[in-house]
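Source file: target.pdb. Holds: PDB, C-alpha atoms, pLDDT in the B column.
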```
ATOM      1  CA  ASN A   1       7.106  -9.977  -8.836  1.00 57.00           C
ATOM      2  CA  PHE A   2       3.584 -10.696  -7.607  1.00 58.00           C
ATOM      3  CA  SER A   3       4.168 -14.319  -6.602  1.00 63.00           C
ATOM      4  CA  ARG A   4       7.446 -13.546  -4.862  1.00 67.00           C
ATOM      5  CA  GLU A   5       6.047 -10.599  -2.965  1.00 64.00           C
ATOM      6  CA  ILE A   6       2.965 -12.335  -1.591  1.00 64.00           C
ATOM      7  CA  SER A   7       5.082 -15.293  -0.495  1.00 64.00           C
ATOM      8  CA  GLN A   8       7.208 -12.978   1.627  1.00 65.00           C
ATOM      9  CA  GLY A   9       4.864 -10.161   2.570  1.00 69.00           C
ATOM     10  CA  GLU A  10       1.872  -9.389   4.747  1.00 75.00           C
ATOM     11  CA  VAL A  11      -0.732 -10.165   2.074  1.00 83.00           C
ATOM     12  CA  LYS A  12      -1.659 -13.739   1.264  1.00 84.00           C
ATOM     13  CA  PHE A  13      -3.877 -15.546  -1.230  1.00 82.00           C
ATOM     14  CA  PRO A  14      -5.329 -18.969  -0.366  1.00 81.00           C
ATOM     15  CA  ASP A  15      -4.430 -21.993  -2.444  1.00 80.00           C
ATOM     16  CA  VAL A  16      -7.034 -23.088  -4.968  1.00 79.00           C
ATOM     17  CA  SER A  17      -8.115 -26.728  -4.996  1.00 82.00           C
ATOM     18  CA  LEU A  18      -7.689 -27.849  -8.589  1.00 81.00           C
ATOM     19  CA  ASP A  19      -9.476 -31.117  -7.811  1.00 83.00           C
ATOM     20  CA  LEU A  20     -12.639 -29.281  -6.757  1.00 82.00           C
ATOM     21  CA  LEU A  21     -12.370 -26.392  -9.199  1.00 77.00           C
ATOM     22  CA  SER A  22     -15.193 -25.886 -11.706  1.00 80.00           C
ATOM     23  CA  PRO A  23     -16.548 -23.019 -13.824  1.00 77.00           C
ATOM     24  CA  GLU A  24     -19.214 -22.428 -11.164  1.00 77.00           C
ATOM     25  CA  VAL A  25     -17.301 -23.097  -7.928  1.00 81.00           C
ATOM     26  CA  LEU A  26     -13.981 -21.848  -6.540  1.00 80.00           C
ATOM     27  CA  VAL A  27     -12.738 -23.825  -3.516  1.00 83.00           C
ATOM     28  CA  GLU A  28      -9.848 -22.281  -1.579  1.00 83.00           C
ATOM     29  CA  SER A  29      -7.736 -23.387   1.360  1.00 81.00           C
ATOM     30  CA  TRP A  30      -8.671 -22.308   4.880  1.00 84.00           C
ATOM     31  CA  ALA A  31      -7.414 -18.896   6.006  1.00 85.00           C
ATOM     32  CA  ASN A  32      -7.382 -17.575   9.558  1.00 87.00           C
ATOM     33  CA  GLY A  33      -8.802 -14.184  10.398  1.00 90.00           C
ATOM     34  CA  PHE A  34     -12.014 -12.203  10.293  1.00 91.00           C
ATOM     35  CA  SER A  35     -13.564 -10.068   7.591  1.00 90.00           C
ATOM     36  CA  VAL A  36     -12.252  -6.525   7.265  1.00 91.00           C
ATOM     37  CA  GLY A  37     -15.939  -5.632   7.049  1.00 88.00           C
ATOM     38  CA  LYS A  38     -16.056  -6.027  10.842  1.00 86.00           C
ATOM     39  CA  PHE A  39     -14.104  -2.786  11.083  1.00 84.00           C
ATOM     40  CA  LEU A  40     -16.824  -0.985   9.148  1.00 80.00           C
ATOM     41  CA  SER A  41     -19.731  -1.993  11.391  1.00 68.00           C
ATOM     42  CA  SER A  42     -21.134   0.089  14.220  1.00 47.00           C
ATOM     43  CA  LEU A  43     -18.914   0.511  17.266  1.00 46.00           C
ATOM     44  CA  ASP A  44     -20.969  -1.749  19.514  1.00 44.00           C
ATOM     45  CA  LYS A  45     -21.079  -4.548  16.980  1.00 46.00           C
ATOM     46  CA  GLY A  46     -17.598  -3.908  15.648  1.00 46.00           C
ATOM     47  CA  ILE A  47     -15.802  -4.101  18.962  1.00 46.00           C
ATOM     48  CA  THR A  48     -17.915  -7.041  20.093  1.00 46.00           C
ATOM     49  CA  ASP A  49     -17.327  -9.030  16.930  1.00 52.00           C
ATOM     50  CA  VAL A  50     -13.735  -8.194  16.108  1.00 53.00           C
ATOM     51  CA  SER A  51     -11.999 -10.285  18.786  1.00 55.00           C
ATOM     52  CA  SER A  52     -10.896 -10.134  22.391  1.00 55.00           C
ATOM     53  CA  GLY A  53      -7.487  -8.633  21.616  1.00 53.00           C
ATOM     54  CA  LEU A  54      -8.780  -5.592  19.768  1.00 54.00           C
ATOM     55  CA  LYS A  55     -11.850  -5.385  22.000  1.00 53.00           C
ATOM     56  CA  ASN A  56      -9.624  -4.950  25.045  1.00 53.00           C
ATOM     57  CA  THR A  57      -8.063  -1.863  23.501  1.00 49.00           C
ATOM     58  CA  ALA A  58     -11.389  -0.063  23.608  1.00 47.00           C
ATOM     59  CA  LYS A  59     -11.596   2.528  26.375  1.00 46.00           C
ATOM     60  CA  GLN A  60     -15.271   3.200  26.026  1.00 46.00           C
ATOM     61  CA  LEU A  61     -18.297   2.301  23.981  1.00 44.00           C
ATOM     62  CA  GLY A  62     -19.907   5.035  21.951  1.00 41.00           C
ATOM     63  CA  GLU A  63     -19.228   6.936  18.762  1.00 43.00           C
ATOM     64  CA  THR A  64     -15.462   7.278  19.175  1.00 51.00           C
ATOM     65  CA  MET A  65     -13.256   4.346  18.225  1.00 47.00           C
ATOM     66  CA  THR A  66     -10.043   3.903  20.158  1.00 68.00           C
ATOM     67  CA  GLU A  67      -6.865   5.231  18.658  1.00 76.00           C
ATOM     68  CA  ALA A  68      -5.433   1.710  18.624  1.00 79.00           C
ATOM     69  CA  LEU A  69      -8.314   0.485  16.489  1.00 82.00           C
ATOM     70  CA  GLU A  70      -8.063   3.515  14.201  1.00 85.00           C
ATOM     71  CA  ASP A  71      -4.333   2.858  13.761  1.00 88.00           C
ATOM     72  CA  THR A  72      -5.114  -0.712  12.768  1.00 89.00           C
ATOM     73  CA  LYS A  73      -7.675   0.470  10.221  1.00 92.00           C
ATOM     74  CA  ARG A  74      -5.196   2.963   8.761  1.00 92.00           C
ATOM     75  CA  ASP A  75      -2.537   0.256   8.493  1.00 93.00           C
ATOM     76  CA  ILE A  76      -4.981  -2.055   6.715  1.00 93.00           C
ATOM     77  CA  ALA A  77      -5.987   0.753   4.331  1.00 94.00           C
ATOM     78  CA  ARG A  78      -2.334   1.380   3.488  1.00 94.00           C
ATOM     79  CA  THR A  79      -1.671  -2.318   2.898  1.00 93.00           C
ATOM     80  CA  ILE A  80      -4.721  -2.669   0.637  1.00 93.00           C
ATOM     81  CA  PHE A  81      -3.669   0.396  -1.313  1.00 93.00           C
ATOM     82  CA  ASN A  82      -0.099  -0.847  -1.784  1.00 91.00           C
ATOM     83  CA  LEU A  83      -1.410  -4.223  -2.950  1.00 89.00           C
ATOM     84  CA  ASN A  84      -3.860  -2.698  -5.413  1.00 89.00           C
ATOM     85  CA  ILE A  85      -1.600  -0.101  -6.968  1.00 89.00           C
ATOM     86  CA  LYS A  86       1.129  -2.681  -7.601  1.00 88.00           C
ATOM     87  CA  MET A  87      -1.377  -5.121  -9.046  1.00 87.00           C
ATOM     88  CA  PHE A  88      -2.725  -2.410 -11.348  1.00 86.00           C
ATOM     89  CA  LEU A  89       0.484  -0.791 -12.521  1.00 86.00           C
ATOM     90  CA  ARG A  90       3.252  -3.346 -12.067  1.00 86.00           C
ATOM     91  CA  ASP A  91       1.654  -6.767 -12.386  1.00 86.00           C
ATOM     92  CA  ASN A  92      -1.363  -5.980 -14.601  1.00 87.00           C
ATOM     93  CA  LEU A  93      -3.421  -8.372 -12.490  1.00 84.00           C
ATOM     94  CA  ILE A  94      -6.641  -6.789 -11.249  1.00 85.00           C
ATOM     95  CA  HIS A  95      -8.819  -8.328  -8.548  1.00 87.00           C
ATOM     96  CA  SER A  96     -12.264  -7.312  -9.747  1.00 81.00           C
ATOM     97  CA  ASP A  97     -14.154  -7.852  -6.488  1.00 81.00           C
ATOM     98  CA  MET A  98     -11.965  -6.592  -3.654  1.00 85.00           C
ATOM     99  CA  HIS A  99     -14.658  -5.529  -1.211  1.00 87.00           C
ATOM    100  CA  ALA A 100     -14.388  -5.781   2.581  1.00 89.00           C
ATOM    101  CA  GLY A 101     -15.965  -9.223   2.732  1.00 88.00           C
ATOM    102  CA  ASN A 102     -13.248 -10.653   0.503  1.00 89.00           C
ATOM    103  CA  ILE A 103     -10.363  -9.633   2.772  1.00 92.00           C
ATOM    104  CA  LEU A 104      -9.530 -11.335   6.070  1.00 93.00           C
ATOM    105  CA  PHE A 105      -7.423  -9.752   8.820  1.00 93.00           C
ATOM    106  CA  SER A 106      -5.376 -11.923  11.159  1.00 91.00           C
ATOM    107  CA  GLU A 107      -5.041 -10.305  14.552  1.00 86.00           C
ATOM    108  CA  GLU A 108      -2.266 -12.709  15.489  1.00 86.00           C
ATOM    109  CA  THR A 109       0.056 -11.849  12.588  1.00 87.00           C
ATOM    110  CA  GLY A 110      -1.410  -8.645  11.176  1.00 87.00           C
ATOM    111  CA  ASP A 111      -1.540 -10.305   7.749  1.00 89.00           C
ATOM    112  CA  LEU A 112      -4.327  -9.856   5.213  1.00 92.00           C
ATOM    113  CA  THR A 113      -5.722 -12.718   3.144  1.00 90.00           C
ATOM    114  CA  VAL A 114      -7.470 -11.863  -0.120  1.00 89.00           C
ATOM    115  CA  LEU A 115     -10.288 -14.230  -1.068  1.00 88.00           C
ATOM    116  CA  ASP A 116     -12.206 -15.016  -4.249  1.00 82.00           C
ATOM    117  CA  ALA A 117      -9.605 -14.183  -6.859  1.00 76.00           C
ATOM    118  CA  GLY A 118     -11.774 -15.942  -9.420  1.00 71.00           C
ATOM    119  CA  GLN A 119     -12.818 -12.535 -10.750  1.00 75.00           C
ATOM    120  CA  THR A 120      -9.690 -10.970 -12.194  1.00 80.00           C
ATOM    121  CA  ALA A 121      -8.919  -8.833 -15.203  1.00 83.00           C
ATOM    122  CA  SER A 122      -5.906  -7.514 -17.091  1.00 88.00           C
ATOM    123  CA  LEU A 123      -5.348  -4.636 -19.453  1.00 90.00           C
ATOM    124  CA  ARG A 124      -4.424  -5.673 -22.952  1.00 90.00           C
ATOM    125  CA  PRO A 125      -0.831  -4.776 -23.906  1.00 88.00           C
ATOM    126  CA  ASP A 126      -1.778  -2.029 -26.342  1.00 89.00           C
ATOM    127  CA  VAL A 127      -3.363   0.064 -23.581  1.00 89.00           C
ATOM    128  CA  GLN A 128      -1.192  -0.578 -20.513  1.00 87.00           C
ATOM    129  CA  ASN A 129       1.084   2.430 -20.964  1.00 86.00           C
ATOM    130  CA  ARG A 130      -1.773   4.750 -21.793  1.00 90.00           C
ATOM    131  CA  PHE A 131      -3.692   3.634 -18.697  1.00 90.00           C
ATOM    132  CA  GLY A 132      -0.748   4.768 -16.570  1.00 88.00           C
ATOM    133  CA  GLN A 133      -0.759   8.071 -18.425  1.00 90.00           C
ATOM    134  CA  PHE A 134      -4.479   8.436 -17.792  1.00 92.00           C
ATOM    135  CA  LEU A 135      -4.023   7.967 -14.033  1.00 90.00           C
ATOM    136  CA  HIS A 136      -1.182  10.466 -14.124  1.00 90.00           C
ATOM    137  CA  SER A 137      -3.438  12.974 -15.901  1.00 92.00           C
ATOM    138  CA  ILE A 138      -6.043  12.610 -13.144  1.00 92.00           C
ATOM    139  CA  CYS A 139      -3.401  13.082 -10.444  1.00 89.00           C
ATOM    140  CA  MET A 140      -2.083  16.202 -12.200  1.00 91.00           C
ATOM    141  CA  ARG A 141      -5.588  17.526 -12.965  1.00 92.00           C
ATOM    142  CA  ASP A 142      -4.614  17.575 -16.650  1.00 94.00           C
ATOM    143  CA  GLN A 143      -7.888  18.056 -18.506  1.00 94.00           C
ATOM    144  CA  GLU A 144      -6.443  17.649 -21.983  1.00 95.00           C
ATOM    145  CA  GLY A 145      -4.615  14.485 -20.988  1.00 95.00           C
ATOM    146  CA  ILE A 146      -7.814  13.019 -19.538  1.00 96.00           C
ATOM    147  CA  VAL A 147      -9.777  13.853 -22.700  1.00 96.00           C
ATOM    148  CA  GLU A 148      -7.081  12.462 -25.008  1.00 96.00           C
ATOM    149  CA  ASN A 149      -6.856   9.182 -23.140  1.00 95.00           C
ATOM    150  CA  LEU A 150     -10.613   8.723 -22.824  1.00 96.00           C
ATOM    151  CA  VAL A 151     -10.920   9.122 -26.585  1.00 96.00           C
ATOM    152  CA  GLU A 152      -8.182   6.519 -27.070  1.00 95.00           C
ATOM    153  CA  PHE A 153     -10.003   4.175 -24.675  1.00 96.00           C
ATOM    154  CA  ASP A 154     -13.210   4.515 -26.700  1.00 95.00           C
ATOM    155  CA  GLU A 155     -14.075   1.490 -28.820  1.00 93.00           C
ATOM    156  CA  ASP A 156     -14.478   3.792 -31.823  1.00 94.00           C
ATOM    157  CA  LYS A 157     -11.600   6.168 -31.009  1.00 93.00           C
ATOM    158  CA  GLY A 158     -13.998   9.091 -30.631  1.00 93.00           C
ATOM    159  CA  SER A 159     -15.410   8.839 -34.153  1.00 94.00           C
ATOM    160  CA  LYS A 160     -19.005   9.011 -32.875  1.00 95.00           C
ATOM    161  CA  VAL A 161     -18.503  12.154 -30.782  1.00 94.00           C
ATOM    162  CA  ASN A 162     -20.673  14.862 -32.262  1.00 93.00           C
ATOM    163  CA  ASP A 163     -19.069  17.849 -30.511  1.00 96.00           C
ATOM    164  CA  MET A 164     -15.540  17.372 -29.172  1.00 96.00           C
ATOM    165  CA  ASP A 165     -15.452  20.880 -27.710  1.00 96.00           C
ATOM    166  CA  ALA A 166     -18.600  20.147 -25.712  1.00 97.00           C
ATOM    167  CA  PHE A 167     -17.027  16.917 -24.485  1.00 97.00           C
ATOM    168  CA  ARG A 168     -13.955  18.843 -23.325  1.00 96.00           C
ATOM    169  CA  ARG A 169     -16.161  21.361 -21.513  1.00 96.00           C
ATOM    170  CA  ASP A 170     -18.057  18.577 -19.733  1.00 97.00           C
ATOM    171  CA  VAL A 171     -14.803  16.931 -18.634  1.00 96.00           C
ATOM    172  CA  ASP A 172     -13.530  20.289 -17.409  1.00 95.00           C
ATOM    173  CA  GLU A 173     -16.779  20.842 -15.481  1.00 95.00           C
ATOM    174  CA  ALA A 174     -16.405  17.414 -13.875  1.00 94.00           C
ATOM    175  CA  MET A 175     -12.848  18.278 -12.871  1.00 94.00           C
ATOM    176  CA  GLN A 176     -13.935  21.544 -11.301  1.00 93.00           C
ATOM    177  CA  LYS A 177     -16.546  19.679  -9.272  1.00 93.00           C
ATOM    178  CA  PHE A 178     -14.644  16.543  -8.271  1.00 91.00           C
ATOM    179  CA  CYS A 179     -10.978  17.550  -8.568  1.00 89.00           C
ATOM    180  CA  PRO A 180     -10.781  21.067  -7.079  1.00 88.00           C
ATOM    181  CA  GLU A 181      -7.327  22.460  -6.448  1.00 86.00           C
ATOM    182  CA  GLY A 182      -6.150  22.052  -2.877  1.00 83.00           C
ATOM    183  CA  GLN A 183      -8.517  19.171  -2.094  1.00 86.00           C
ATOM    184  CA  MET A 184      -8.183  15.404  -2.295  1.00 86.00           C
ATOM    185  CA  ILE A 185      -9.420  13.825  -5.501  1.00 87.00           C
ATOM    186  CA  ILE A 186     -12.018  11.101  -5.014  1.00 87.00           C
ATOM    187  CA  VAL A 187     -11.269   9.044  -8.119  1.00 87.00           C
ATOM    188  CA  GLY A 188     -14.408   6.908  -7.822  1.00 88.00           C
ATOM    189  CA  ASP A 189     -16.700   9.947  -7.669  1.00 91.00           C
ATOM    190  CA  PHE A 190     -14.899  11.591 -10.562  1.00 92.00           C
ATOM    191  CA  MET A 191     -15.014   8.471 -12.737  1.00 92.00           C
ATOM    192  CA  GLY A 192     -18.656   7.825 -11.821  1.00 91.00           C
ATOM    193  CA  HIS A 193     -19.556  11.236 -13.213  1.00 94.00           C
ATOM    194  CA  LEU A 194     -17.314  10.741 -16.248  1.00 94.00           C
ATOM    195  CA  PHE A 195     -19.224   7.590 -17.197  1.00 94.00           C
ATOM    196  CA  PHE A 196     -22.340   9.766 -17.591  1.00 95.00           C
ATOM    197  CA  VAL A 197     -20.333  12.262 -19.638  1.00 96.00           C
ATOM    198  CA  LEU A 198     -18.996   9.480 -21.858  1.00 96.00           C
ATOM    199  CA  ASN A 199     -22.481   8.142 -22.468  1.00 95.00           C
ATOM    200  CA  ARG A 200     -23.770  11.625 -23.291  1.00 95.00           C
ATOM    201  CA  HIS A 201     -21.113  12.015 -25.996  1.00 97.00           C
ATOM    202  CA  ASN A 202     -21.409   8.525 -27.531  1.00 95.00           C
ATOM    203  CA  LEU A 203     -18.156   7.218 -26.101  1.00 96.00           C
ATOM    204  CA  THR A 204     -17.922   3.599 -24.924  1.00 95.00           C
ATOM    205  CA  LEU A 205     -14.840   2.538 -22.987  1.00 94.00           C
ATOM    206  CA  ARG A 206     -13.265  -0.733 -24.072  1.00 94.00           C
ATOM    207  CA  SER A 207     -14.092  -3.493 -21.615  1.00 92.00           C
ATOM    208  CA  ASP A 208     -10.643  -3.999 -20.050  1.00 92.00           C
ATOM    209  CA  VAL A 209     -10.358  -0.295 -19.200  1.00 94.00           C
ATOM    210  CA  SER A 210     -13.931  -0.091 -17.912  1.00 92.00           C
ATOM    211  CA  VAL A 211     -13.490  -3.111 -15.618  1.00 90.00           C
ATOM    212  CA  SER A 212     -10.177  -1.732 -14.358  1.00 90.00           C
ATOM    213  CA  LEU A 213     -11.669   1.657 -13.491  1.00 90.00           C
ATOM    214  CA  MET A 214     -14.688   0.142 -11.752  1.00 89.00           C
ATOM    215  CA  SER A 215     -12.442  -2.207  -9.776  1.00 89.00           C
ATOM    216  CA  MET A 216     -10.296   0.741  -8.792  1.00 88.00           C
ATOM    217  CA  ALA A 217     -13.389   2.590  -7.542  1.00 87.00           C
ATOM    218  CA  VAL A 218     -14.415  -0.408  -5.400  1.00 88.00           C
ATOM    219  CA  SER A 219     -10.946  -0.610  -3.867  1.00 90.00           C
ATOM    220  CA  GLU A 220     -10.844   3.136  -3.259  1.00 91.00           C
ATOM    221  CA  GLY A 221     -14.212   2.996  -1.502  1.00 90.00           C
ATOM    222  CA  LEU A 222     -12.918   0.293   0.836  1.00 92.00           C
ATOM    223  CA  ILE A 223      -9.710   2.191   1.544  1.00 93.00           C
ATOM    224  CA  ARG A 224     -11.567   5.403   2.343  1.00 91.00           C
ATOM    225  CA  SER A 225     -14.035   3.523   4.539  1.00 91.00           C
ATOM    226  CA  LEU A 226     -11.091   2.376   6.635  1.00 93.00           C
ATOM    227  CA  ASP A 227      -9.265   5.711   6.499  1.00 94.00           C
ATOM    228  CA  PRO A 228     -11.345   8.693   5.314  1.00 91.00           C
ATOM    229  CA  ASP A 229      -8.232  10.897   5.227  1.00 91.00           C
ATOM    230  CA  PHE A 230      -6.246   8.592   2.968  1.00 92.00           C
ATOM    231  CA  ASP A 231      -4.794  10.594   0.073  1.00 88.00           C
ATOM    232  CA  LEU A 232      -5.056   8.065  -2.718  1.00 87.00           C
ATOM    233  CA  VAL A 233      -3.794  10.368  -5.455  1.00 85.00           C
ATOM    234  CA  GLY A 234      -0.820  11.635  -3.458  1.00 86.00           C
ATOM    235  CA  SER A 235       0.076   8.097  -2.449  1.00 91.00           C
ATOM    236  CA  ALA A 236      -0.242   6.847  -6.022  1.00 89.00           C
ATOM    237  CA  MET A 237       2.171   9.312  -7.598  1.00 87.00           C
ATOM    238  CA  PRO A 238       5.420   7.486  -6.662  1.00 89.00           C
ATOM    239  CA  TYR A 239       3.985   4.237  -8.017  1.00 88.00           C
ATOM    240  CA  ILE A 240       2.786   5.888 -11.217  1.00 85.00           C
ATOM    241  CA  ALA A 241       6.224   7.427 -11.710  1.00 84.00           C
ATOM    242  CA  LYS A 242       7.900   4.038 -11.184  1.00 85.00           C
ATOM    243  CA  TYR A 243       5.484   1.638 -12.879  1.00 82.00           C
ATOM    244  CA  GLY A 244       3.046   3.764 -14.830  1.00 64.00           C
ATOM    245  CA  ALA A 245       5.030   4.126 -18.053  1.00 54.00           C
ATOM    246  CA  LEU A 246       4.499   7.870 -18.317  1.00 42.00           C
ATOM    247  CA  GLY A 247       6.314   8.236 -21.625  1.00 40.00           C
ATOM    248  CA  GLU A 248       4.707   8.033 -25.018  1.00 40.00           C
ATOM    249  CA  ALA A 249       2.172   5.207 -25.283  1.00 39.00           C
TER     250      ALA A 249
END
```

Could you render the structure as structure tokens?
Amino acid sequence: NFSREISQGEVKFPDVSLDLLSPEVLVESWANGFSVGKFLSSLDKGITDVSSGLKNTAKQLGETMTEALEDTKRDIARTIFNLNIKMFLRDNLIHSDMHAGNILFSEETGDLTVLDAGQTASLRPDVQNRFGQFLHSICMRDQEGIVENLVEFDEDKGSKVNDMDAFRRDVDEAMQKFCPEGQMIIVGDFMGHLFFVLNRHNLTLRSDVSVSLMSMAVSEGLIRSLDPDFDLVGSAMPYIAKYGALGEA
């Protein structure tokens, strides 16, 4: 699925030179475009550096970006989201360093090129279904589902938790703060707080889950930097329903 889709779609990965490959160095083929990070710079620098085509769409310098540029940023955010959610849930191939500097945008074609795929991760088979259930629990604001899955993700299956009721209360408090009804859920903020809660209650997430959640937070931060109004949870639900294996783990 992944190989076929990137060969036909608007997201590309450079070829890796096997002749020059080493444990310390990753050499990739040349890719046209400029860093998506250019879109996140100040207006003066951003419009100056982006390129003549996008620069000419600017009606004025100042705090307000042109609608054309904002549309481009929203399109890029959507493309990055679609790429990430499929990689997470369908392909189980996680780019662990997908920050703005590792994505190039081609103004000529509108394509994105993802660089530095040397840092990747995958969930082990025994946890893939449950990870989808965990994301579904966050989307549905299901406190018990979040607690149950976090305990299953713990290296010791929750055996070192001294007070499970206190752990549930702390998770519920985090949900009230970061997942209020009627407002968008910022998954990265929620998970960042949960890591403190986990530490407080002697829970240690297994490494594949921890890396996946941190990578997801990095990607979410980039997406929201491009489009602050992007509803990641609402957009994720169709993918979770299709690929997330929401039945019994």

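Between CA of Ser159 in chain A and CA of Val171 in chain A the interatomic distance comes to 17.5 Å.
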
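CA of Gly101 in chain A lies 21.2 Å from CA of Leu21 in chain A.
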
Evaluate the PyMOL selection byres ((chain A and resi 31) around 8) and record the selected residues as a PDB file with C-alpha atoms, in the coordinates of the input, following the chain and residue labels used in the document.
```
ATOM      1  CA  PRO A  14      -5.329 -18.969  -0.366  1.00 81.00           C
ATOM      2  CA  SER A  29      -7.736 -23.387   1.360  1.00 81.00           C
ATOM      3  CA  TRP A  30      -8.671 -22.308   4.880  1.00 84.00           C
ATOM      4  CA  ASN A  32      -7.382 -17.575   9.558  1.00 87.00           C
ATOM      5  CA  GLY A  33      -8.802 -14.184  10.398  1.00 90.00           C
ATOM      6  CA  LEU A 104      -9.530 -11.335   6.070  1.00 93.00           C
ATOM      7  CA  THR A 113      -5.722 -12.718   3.144  1.00 90.00           C
TER       8      THR A 113
END
```

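Taking CA of Ile240 in chain A and CA of Phe81 in chain A as endpoints, the distance between them is 13.0 Å.
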
Name all residues at most 9 Å from Asp154 in chain A (count only C-alpha atoms; drop same-chain ones fewer than 4 positions away) and give them as a CSV table (one decimal) with C-alpha atoms, in the coordinates of the input.
```
chain,number,residue,atom,x,y,z
A,149,ASN,CA,-6.9,9.2,-23.1
A,150,LEU,CA,-10.6,8.7,-22.8
A,158,GLY,CA,-14.0,9.1,-30.6
A,159,SER,CA,-15.4,8.8,-34.2
A,203,LEU,CA,-18.2,7.2,-26.1
A,204,THR,CA,-17.9,3.6,-24.9
A,205,LEU,CA,-14.8,2.5,-23.0
A,206,ARG,CA,-13.3,-0.7,-24.1
```

List the residues sitting within 10 Å of (-6.1, 19.8, -4.9) in the file's frame, using only C-alpha atoms, as a JSON list (two decimals) with C-alpha atoms, keeping the file's coordinate frame.
```
[["chain", "number", "residue", "atom", "x", "y", "z"],
["A", 139, "CYS", "CA", -3.40, 13.08, -10.44],
["A", 140, "MET", "CA", -2.08, 16.20, -12.20],
["A", 141, "ARG", "CA", -5.59, 17.53, -12.96],
["A", 178, "PHE", "CA", -14.64, 16.54, -8.27],
["A", 179, "CYS", "CA", -10.98, 17.55, -8.57],
["A", 180, "PRO", "CA", -10.78, 21.07, -7.08],
["A", 181, "GLU", "CA", -7.33, 22.46, -6.45],
["A", 182, "GLY", "CA", -6.15, 22.05, -2.88],
["A", 183, "GLN", "CA", -8.52, 19.17, -2.09],
["A", 184, "MET", "CA", -8.18, 15.40, -2.30],
["A", 185, "ILE", "CA", -9.42, 13.82, -5.50],
["A", 233, "VAL", "CA", -3.79, 10.37, -5.46],
["A", 234, "GLY", "CA", -0.82, 11.64, -3.46]]
```

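The nearest approach to Arg130 in chain A among the residues A:Tyr243, A:Phe190, A:Phe13, A:Phe105, with only C-alpha atoms taken into account, belongs to A:Tyr243.
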
Set the distance at 12 Å and use all atoms listed in the file: which residues neighbour Asp227 in chain A once local chain neighbours fewer than 2 positions away are removed? I'd like the list as a ChimeraX atom specification. /A:39-40,69-81,220-225,229-232

Could you write out the selected residues, including C-alpha atoms, as a PDB file, keeping the file's coordinate frame?
```pdb
ATOM      1  CA  PHE A  39     -14.104  -2.786  11.083  1.00 84.00           C
ATOM      2  CA  LEU A  40     -16.824  -0.985   9.148  1.00 80.00           C
ATOM      3  CA  LEU A  69      -8.314   0.485  16.489  1.00 82.00           C
ATOM      4  CA  GLU A  70      -8.063   3.515  14.201  1.00 85.00           C
ATOM      5  CA  ASP A  71      -4.333   2.858  13.761  1.00 88.00           C
ATOM      6  CA  THR A  72      -5.114  -0.712  12.768  1.00 89.00           C
ATOM      7  CA  LYS A  73      -7.675   0.470  10.221  1.00 92.00           C
ATOM      8  CA  ARG A  74      -5.196   2.963   8.761  1.00 92.00           C
ATOM      9  CA  ASP A  75      -2.537   0.256   8.493  1.00 93.00           C
ATOM     10  CA  ILE A  76      -4.981  -2.055   6.715  1.00 93.00           C
ATOM     11  CA  ALA A  77      -5.987   0.753   4.331  1.00 94.00           C
ATOM     12  CA  ARG A  78      -2.334   1.380   3.488  1.00 94.00           C
ATOM     13  CA  THR A  79      -1.671  -2.318   2.898  1.00 93.00           C
ATOM     14  CA  ILE A  80      -4.721  -2.669   0.637  1.00 93.00           C
ATOM     15  CA  PHE A  81      -3.669   0.396  -1.313  1.00 93.00           C
ATOM     16  CA  GLU A 220     -10.844   3.136  -3.259  1.00 91.00           C
ATOM     17  CA  GLY A 221     -14.212   2.996  -1.502  1.00 90.00           C
ATOM     18  CA  LEU A 222     -12.918   0.293   0.836  1.00 92.00           C
ATOM     19  CA  ILE A 223      -9.710   2.191   1.544  1.00 93.00           C
ATOM     20  CA  ARG A 224     -11.567   5.403   2.343  1.00 91.00           C
ATOM     21  CA  SER A 225     -14.035   3.523   4.539  1.00 91.00           C
ATOM     22  CA  ASP A 229      -8.232  10.897   5.227  1.00 91.00           C
ATOM     23  CA  PHE A 230      -6.246   8.592   2.968  1.00 92.00           C
ATOM     24  CA  ASP A 231      -4.794  10.594   0.073  1.00 88.00           C
ATOM     25  CA  LEU A 232      -5.056   8.065  -2.718  1.00 87.00           C
TER      26      LEU A 232
END
```

Closest to Gln133 in chain A among A:Gln119, A:Asp163, A:Asp156, A:Lys242, using all atoms listed in the file? A:Lys242
